[in-house]
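**Student:** Got final03.csv for you, CSV, C-alpha atoms:
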```
chain,number,residue,atom,x,y,z
A,43,MET,CA,-4.4,-16.5,-28.9
A,44,ALA,CA,-2.8,-16.8,-32.3
A,45,ARG,CA,-0.5,-13.9,-32.8
A,46,ASN,CA,0.0,-14.4,-36.5
A,47,THR,CA,-3.5,-13.7,-37.6
A,48,TRP,CA,-2.8,-10.2,-38.9
A,49,ASN,CA,-0.1,-8.3,-40.7
A,50,THR,CA,0.6,-4.7,-40.0
A,51,VAL,CA,1.0,-2.8,-43.3
A,52,SER,CA,2.1,0.7,-44.2
A,53,ASP,CA,0.5,0.9,-47.6
A,54,ILE,CA,-3.0,-0.6,-47.9
A,55,SER,CA,-3.3,0.8,-51.5
A,56,THR,CA,-1.1,-2.1,-52.7
A,57,TYR,CA,-4.0,-4.6,-52.3
A,58,PRO,CA,-6.1,-4.9,-55.5
A,59,LEU,CA,-9.8,-4.0,-55.3
A,60,PRO,CA,-12.1,-6.7,-56.7
A,61,ALA,CA,-14.5,-6.0,-59.5
A,62,SER,CA,-18.0,-4.9,-58.7
A,63,THR,CA,-21.2,-6.7,-59.7
A,64,GLU,CA,-24.9,-5.8,-60.0
A,65,SER,CA,-25.4,-6.5,-56.3
A,66,TYR,CA,-21.9,-6.0,-54.9
A,67,GLN,CA,-19.9,-2.8,-54.7
A,68,PRO,CA,-16.4,-3.2,-53.1
A,69,VAL,CA,-15.1,-0.2,-51.2
A,70,ASP,CA,-11.4,0.7,-51.4
A,71,GLN,CA,-9.9,0.6,-47.9
A,72,LEU,CA,-7.6,3.6,-48.5
A,73,ALA,CA,-10.5,5.7,-49.8
A,74,LEU,CA,-12.7,4.7,-46.9
A,75,PHE,CA,-10.0,5.5,-44.3
A,76,THR,CA,-9.2,8.8,-46.0
A,77,GLU,CA,-12.9,9.8,-45.8
A,78,ILE,CA,-12.9,8.9,-42.1
A,79,LYS,CA,-9.8,11.0,-41.4
A,80,ASN,CA,-11.0,13.9,-43.3
A,81,ALA,CA,-14.4,13.9,-41.5
A,82,PHE,CA,-12.7,14.0,-38.1
A,83,TYR,CA,-10.2,16.6,-39.2
A,84,ASN,CA,-12.9,18.8,-40.8
A,85,ALA,CA,-14.9,18.6,-37.5
A,86,GLY,CA,-12.0,20.2,-35.7
A,87,TYR,CA,-10.2,17.2,-34.2
A,88,ARG,CA,-6.4,16.7,-34.1
A,89,LEU,CA,-5.4,13.3,-35.4
A,90,GLY,CA,-2.6,11.1,-34.2
A,91,THR,CA,-1.1,7.8,-35.1
A,92,GLU,CA,-2.7,5.6,-37.7
A,93,THR,CA,-2.3,1.9,-38.1
A,94,HIS,CA,-3.4,-0.6,-40.7
A,95,GLN,CA,-3.7,-4.3,-40.5
A,96,ILE,CA,-4.7,-7.0,-43.0
A,97,HIS,CA,-5.7,-10.6,-42.2
A,98,ARG,CA,-3.0,-13.0,-43.2
A,99,LYS,CA,-5.3,-15.3,-45.1
A,100,MET,CA,-8.2,-13.1,-46.2
A,101,PRO,CA,-8.6,-9.6,-47.6
A,102,ILE,CA,-10.0,-8.1,-44.4
A,103,PHE,CA,-8.7,-4.8,-43.2
A,104,ILE,CA,-8.6,-2.8,-39.9
A,105,SER,CA,-7.4,0.8,-40.2
A,106,LYS,CA,-7.4,2.9,-37.1
A,107,ILE,CA,-6.7,6.5,-36.3
A,108,ASP,CA,-6.0,7.9,-32.8
A,109,ILE,CA,-7.9,11.1,-32.1
A,110,GLU,CA,-6.0,13.2,-29.7
A,111,ALA,CA,-7.9,16.5,-29.1
A,112,GLU,CA,-10.1,19.1,-30.5
A,113,VAL,CA,-8.0,21.7,-32.2
A,114,GLY,CA,-7.1,24.5,-29.7
A,115,SER,CA,-8.3,22.5,-26.7
A,116,SER,CA,-6.9,20.2,-24.1
A,117,PRO,CA,-6.5,16.5,-24.9
A,118,LEU,CA,-9.6,14.3,-24.9
A,119,PRO,CA,-10.6,12.8,-21.5
A,120,GLU,CA,-8.0,10.4,-20.1
A,121,ASN,CA,-9.3,6.9,-19.4
A,122,THR,CA,-6.0,5.6,-18.1
A,123,ARG,CA,-5.8,2.5,-20.4
A,124,MET,CA,-6.2,3.3,-24.1
A,125,LYS,CA,-6.6,6.0,-26.7
A,126,TRP,CA,-9.6,7.6,-28.2
A,127,SER,CA,-9.8,6.1,-31.7
A,128,CYS,CA,-11.9,5.4,-34.8
A,129,ALA,CA,-11.4,2.3,-36.9
A,130,GLY,CA,-12.6,1.4,-40.3
A,131,ILE,CA,-13.2,-2.4,-40.9
A,132,ASN,CA,-13.7,-3.6,-44.4
A,133,SER,CA,-13.3,-6.7,-46.6
A,134,TYR,CA,-12.7,-7.4,-50.3
A,135,ASN,CA,-14.4,-10.8,-50.2
A,136,LYS,CA,-17.9,-10.1,-48.8
A,137,THR,CA,-17.1,-11.7,-45.4
A,138,LYS,CA,-17.3,-8.4,-43.4
A,139,ALA,CA,-19.7,-5.5,-43.8
A,140,ILE,CA,-18.1,-2.0,-43.6
A,141,ARG,CA,-17.9,-1.1,-40.0
A,142,LEU,CA,-16.9,2.1,-38.2
A,143,VAL,CA,-16.0,1.5,-34.6
A,144,PHE,CA,-15.1,4.4,-32.4
A,145,GLY,CA,-14.8,5.8,-28.9
A,146,GLY,CA,-12.6,5.5,-25.9
A,147,ASP,CA,-13.0,1.7,-25.7
A,148,VAL,CA,-12.0,0.6,-29.2
A,149,PHE,CA,-10.6,-2.9,-29.4
A,150,ALA,CA,-9.7,-4.5,-32.7
A,151,CYS,CA,-8.4,-7.8,-31.4
A,152,LEU,CA,-6.2,-10.2,-33.4
A,153,ASN,CA,-9.0,-12.8,-33.5
A,154,GLY,CA,-11.2,-10.3,-35.3
A,155,MET,CA,-13.4,-9.5,-32.3
A,156,VAL,CA,-14.3,-5.9,-32.0
A,157,VAL,CA,-15.7,-4.2,-28.9
A,158,ALA,CA,-16.3,-0.5,-28.9
A,159,ASP,CA,-18.6,2.2,-27.5
A,160,HIS,CA,-20.2,2.6,-30.9
A,161,ILE,CA,-20.3,0.4,-34.0
A,162,LEU,CA,-22.0,1.6,-37.3
A,163,ARG,CA,-22.2,-0.6,-40.3
A,164,THR,CA,-23.4,-0.9,-43.9
A,165,LYS,CA,-23.2,-3.6,-46.5
A,166,HIS,CA,-21.3,-3.6,-49.8
A,167,THR,CA,-24.4,-3.2,-51.9
A,168,THR,CA,-25.1,-0.9,-54.8
A,169,ASN,CA,-24.7,2.8,-54.1
A,170,VAL,CA,-22.7,2.1,-50.9
A,171,TRP,CA,-20.7,5.3,-51.5
A,172,GLU,CA,-24.0,7.3,-51.3
A,173,ARG,CA,-24.5,5.9,-47.8
A,174,LEU,CA,-21.0,6.1,-46.5
A,175,PRO,CA,-20.7,9.9,-46.0
A,176,GLU,CA,-23.8,10.0,-43.8
A,177,LEU,CA,-22.5,7.0,-41.8
A,178,ILE,CA,-19.1,8.7,-41.2
A,179,ASN,CA,-20.8,12.0,-40.2
A,180,ARG,CA,-22.9,10.1,-37.8
A,181,ALA,CA,-19.8,8.6,-36.3
A,182,VAL,CA,-18.2,12.0,-35.9
A,183,LEU,CA,-21.3,13.4,-34.2
A,184,ALA,CA,-21.7,10.4,-31.9
A,185,PHE,CA,-18.0,10.6,-31.0
A,186,GLY,CA,-18.3,14.2,-29.9
A,187,SER,CA,-21.3,13.3,-27.7
A,188,GLN,CA,-19.4,10.5,-26.1
A,189,VAL,CA,-16.4,12.6,-25.4
A,190,ALA,CA,-18.6,15.1,-23.5
A,191,ARG,CA,-20.2,12.2,-21.5
A,192,ALA,CA,-16.8,10.7,-20.7
A,193,GLY,CA,-15.5,14.0,-19.4
A,194,GLU,CA,-18.4,14.1,-17.0
A,195,PHE,CA,-17.9,10.5,-16.0
A,196,TYR,CA,-14.3,10.9,-15.1
A,197,GLU,CA,-15.0,14.1,-13.1
A,198,ASN,CA,-17.7,12.2,-11.2
A,199,LEU,CA,-15.2,9.4,-10.5
A,200,ARG,CA,-13.0,12.0,-8.8
A,201,SER,CA,-15.7,13.4,-6.6
A,202,THR,CA,-17.3,10.0,-5.7
A,203,HIS,CA,-15.8,8.0,-2.8
A,204,THR,CA,-15.9,4.5,-1.4
A,205,ASP,CA,-14.5,3.0,1.8
A,206,GLY,CA,-12.5,0.0,2.8
A,207,ASP,CA,-15.4,-2.4,3.4
A,208,LYS,CA,-17.3,-1.4,0.3
A,209,LEU,CA,-14.2,-1.6,-1.9
A,210,ALA,CA,-13.4,-5.0,-0.5
A,211,ALA,CA,-16.9,-6.3,-1.2
A,212,PHE,CA,-16.7,-4.8,-4.7
A,213,ALA,CA,-13.4,-6.5,-5.4
A,214,VAL,CA,-14.8,-9.9,-4.3
A,215,ASN,CA,-17.9,-9.3,-6.4
A,216,LEU,CA,-15.8,-8.6,-9.5
A,217,ALA,CA,-13.9,-11.9,-9.0
A,218,GLN,CA,-17.1,-13.8,-8.5
A,219,HIS,CA,-18.3,-12.6,-11.9
A,220,ASP,CA,-15.0,-13.2,-13.6
A,221,ILE,CA,-14.4,-9.5,-14.2
A,222,LEU,CA,-11.3,-9.6,-12.1
A,223,PRO,CA,-9.1,-12.7,-11.7
A,224,LYS,CA,-9.3,-14.1,-8.2
A,225,ALA,CA,-5.6,-14.0,-7.8
A,226,LYS,CA,-5.7,-10.2,-8.5
A,227,VAL,CA,-8.2,-9.2,-5.8
A,228,MET,CA,-5.7,-8.0,-3.3
A,229,ASP,CA,-3.6,-6.3,-6.0
A,230,PHE,CA,-6.7,-4.4,-7.2
A,231,TYR,CA,-7.6,-3.4,-3.6
A,232,ASP,CA,-4.0,-2.3,-2.8
A,233,GLU,CA,-3.6,-0.4,-6.0
A,234,ALA,CA,-6.9,1.4,-5.4
A,235,VAL,CA,-5.9,2.4,-1.9
A,236,ASN,CA,-2.3,3.3,-2.6
A,237,PRO,CA,-2.1,4.2,-6.4
A,238,SER,CA,1.3,3.7,-8.1
A,239,PHE,CA,0.8,7.0,-9.9
A,240,MET,CA,0.0,10.5,-8.8
A,241,TYR,CA,-3.6,11.2,-9.9
A,242,GLU,CA,-4.1,14.3,-7.6
A,243,THR,CA,-7.2,12.7,-6.1
A,244,ASP,CA,-8.6,12.1,-2.6
A,245,LYS,CA,-8.0,8.8,-0.9
A,246,TRP,CA,-10.9,6.4,-1.6
A,247,SER,CA,-11.8,8.3,-4.8
A,248,LEU,CA,-13.5,6.1,-7.4
A,249,TYR,CA,-11.1,7.5,-9.9
A,250,ASN,CA,-8.3,5.6,-8.1
A,251,VAL,CA,-10.5,2.5,-8.2
A,252,HIS,CA,-11.1,2.8,-11.9
A,253,ALA,CA,-7.4,3.5,-12.5
A,254,ALA,CA,-6.4,0.4,-10.4
A,255,TYR,CA,-8.5,-1.9,-12.5
A,256,THR,CA,-7.4,-0.5,-15.9
A,257,HIS,CA,-3.8,-0.7,-14.7
A,258,LEU,CA,-4.2,-4.4,-14.0
A,259,ALA,CA,-6.3,-4.9,-17.2
A,260,LYS,CA,-3.3,-4.2,-19.4
A,261,ASP,CA,-1.9,-7.7,-18.4
A,262,PHE,CA,-5.2,-9.5,-19.1
A,263,ASN,CA,-5.4,-12.1,-21.9
A,264,PRO,CA,-6.4,-10.0,-24.9
A,265,LEU,CA,-9.2,-12.4,-25.7
A,266,VAL,CA,-11.0,-11.7,-22.4
A,267,ARG,CA,-9.9,-8.1,-21.7
A,268,PRO,CA,-12.6,-6.3,-23.8
A,269,ARG,CA,-15.4,-8.1,-22.1
A,270,ARG,CA,-13.9,-7.6,-18.6
A,271,VAL,CA,-13.2,-3.9,-19.0
A,272,LEU,CA,-16.7,-3.0,-20.2
A,273,ALA,CA,-18.2,-5.2,-17.5
A,274,PHE,CA,-16.1,-3.5,-14.9
A,275,GLU,CA,-17.4,-0.1,-15.8
A,276,SER,CA,-20.9,-1.4,-15.8
A,277,ALA,CA,-20.4,-2.9,-12.3
A,278,LEU,CA,-18.8,0.2,-11.0
A,279,LYS,CA,-21.7,2.4,-12.1
A,280,GLU,CA,-24.3,0.0,-10.6
A,281,THR,CA,-22.5,-0.5,-7.3
A,282,TYR,CA,-21.9,3.2,-6.7
A,283,SER,CA,-25.2,4.4,-8.3
A,284,MET,CA,-23.6,6.4,-11.0
A,285,ALA,CA,-25.7,7.4,-13.9
```
Would you write out, as structure tokens, the structure that this file holds?
**Tutor:**
Amino acid sequence: MARNTWNTVSDISTYPLPASTESYQPVDQLALFTEIKNAFYNAGYRLGTETHQIHRKMPIFISKIDIEAEVGSSPLPENTRMKWSCAGINSYNKTKAIRLVFGGDVFACLNGMVVADHILRTKHTTNVWERLPELINRAVLAFGSQVARAGEFYENLRSTHTDGDKLAAFAVNLAQHDILPKAKVMDFYDEAVNPSFMYETDKWSLYNVHAAYTHLAKDFNPLVRPRRVLAFESALKETYSMA
């Protein structure tokens, strides 16, 4: 993977906004990102680290904010591998529609590929700023619904169990479908049976299985990791009949 595709920047306001036309209305990236942050803040979320990237050769932006918790409550559900986030993707050259990507599975990879639980988008056409507030509010509402579902999912993982034979068959099936590298099958099995971290779970709990995979996934090639992580959760739900 090319590692020099994007620059990390601290001040996205330094990039000049192009002129609008009768059919094209550019959206200032800083203004868009500020609207996103304000919407989550006003909905009662505590915000964390923000990051901004710009493509080295084109005026394409990715601005992301980590969302840590609802104010006065505990942190958002832990998924053992990445943070709950919302990202605003935008361009000043008509190559990318405005996209809001958000959830507990937000990837904004260096090759421009984006995989997330939710993606909302709108084009840079006339009156785009009349549509953006509704789009952002939809993102905030959907984010809240997803957080609630995720909390239930991880609790169900804790209370659902496997056994040695079924786990071994599951690991082999993951490798057969290129969700898990074949060389990592035994590492995955051993990590699920004897976790490296204290999760306060029962032996054979699916929470340990999930954590074992996401622990290994941190070392996957970033180009294939998004597809594999999402495919793993789908396979886990199907294999263990989880809604």
**Student:** By how many Å are CA of Ala181 (chain A) and CA of Glu77 (chain A) apart?
**Tutor:**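 The value is 11.8 Å.
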**Student:** Could you list, as a list of chain:residue names, every residue within 10 Å of region 58-68 of chain A, counting all atoms listed in the file and ignoring same-chain residues fewer than 4 positions away?
**Tutor:**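 Using all atoms listed in the file, the neighbours found are A:Ile54, A:Pro101, A:Asn132, A:Ser133, A:Tyr134, A:Asn135, A:Lys136, A:Ile140, A:Lys165, A:His166, A:Thr167, A:Thr168, A:Asn169, A:Val170, A:Trp171.
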**Student:** Tell me which of A:Thr56, A:Asn80, A:Thr204, A:Ser187 sits closest to Trp246 (chain A), counting only C-alpha atoms.
**Tutor:**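 The closest residue to Trp246 (chain A) is A:Thr204.
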**Student:** Go through A:Arg191, A:Arg141, A:Arg98, A:Arg269 one by one, measure the shortest atom-to-atom distance of each to Leu74 (chain A) using all atoms listed in the file, and give the residue with the smallest value.
**Tutor:**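 With all atoms listed in the file as the atom set, the closest residue is A:Arg141.
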**Student:** Restricting the calculation to only C-alpha atoms, which member of A:Lys138, A:His94, A:His219, A:Arg163 is positioned closest to Arg270 (chain A)?
**Tutor:**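 Of A:Lys138, A:His94, A:His219, A:Arg163, the one nearest Arg270 (chain A) is A:His219, counting only C-alpha atoms.
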**Student:** Using all atoms listed in the file, which residue out of A:Ala85, A:Leu118, A:Ile104, A:Leu278 lies closest to Glu194 (chain A)?
**Tutor:**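 Under the stated criterion, the closest residue is A:Leu118.
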**Student:** Using only C-alpha atoms, give me every residue within 12 Å of (-5.2, -18.0, -44.5) in file coordinates, as an NGL selection string.
**Tutor:** :A and (46-49 or 96-102)
**Student:** Pick the closest to Val271 (chain A) from A:Thr164, A:Phe230, A:Ala111, A:Ile221: which is it, counting all atoms listed in the file?
**Tutor:**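 Going through A:Thr164, A:Phe230, A:Ala111, A:Ile221 one by one, the smallest distance to Val271 (chain A) is for A:Ile221.
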**Student:** What gap, in Å, lies between CA of Gly193 (chain A) and CA of Gly145 (chain A)?
**Tutor:** 12.6 Å
**Student:** How far is it from CA of Ile107 (chain A) to CA of Met240 (chain A), in Å with one decimal?
**Tutor:**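 Going from CA of Ile107 (chain A) over to CA of Met240 (chain A), I get 28.6 Å.
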**Student:** Which residue, A:Cys128, A:Leu162, A:Val143, A:Leu72, has the smallest gap to Thr91 (chain A) when you use only C-alpha atoms?
**Tutor:** A:Cys128
**Student:** Tell me, as number ranges by chain, which residues lie within 7 Å of Gly90 (chain A), counting all atoms listed in the file; anything in the same chain fewer than 4 positions away does not count.
**Tutor:** A: 107-110
**Student:** Mind listing as an MDAnalysis selection string all residues within 10 Å of (-13.5, 5.6, -34.2), counting only C-alpha atoms?
**Tutor:** chainID A and resid 78:79 82 105:109 126:130 141:148 158:162 178 181:182 184:185
**Student:** Pick out the residues sitting within 12 Å of Phe212 (chain A), and hand them over as an MDAnalysis selection string; count only C-alpha atoms, and ignore anything fewer than 2 positions along from it in its own chain.
**Tutor:** chainID A and resid 204:210 214:219 221:222 227:228 230:231 234 248 251:252 255 274 277:282
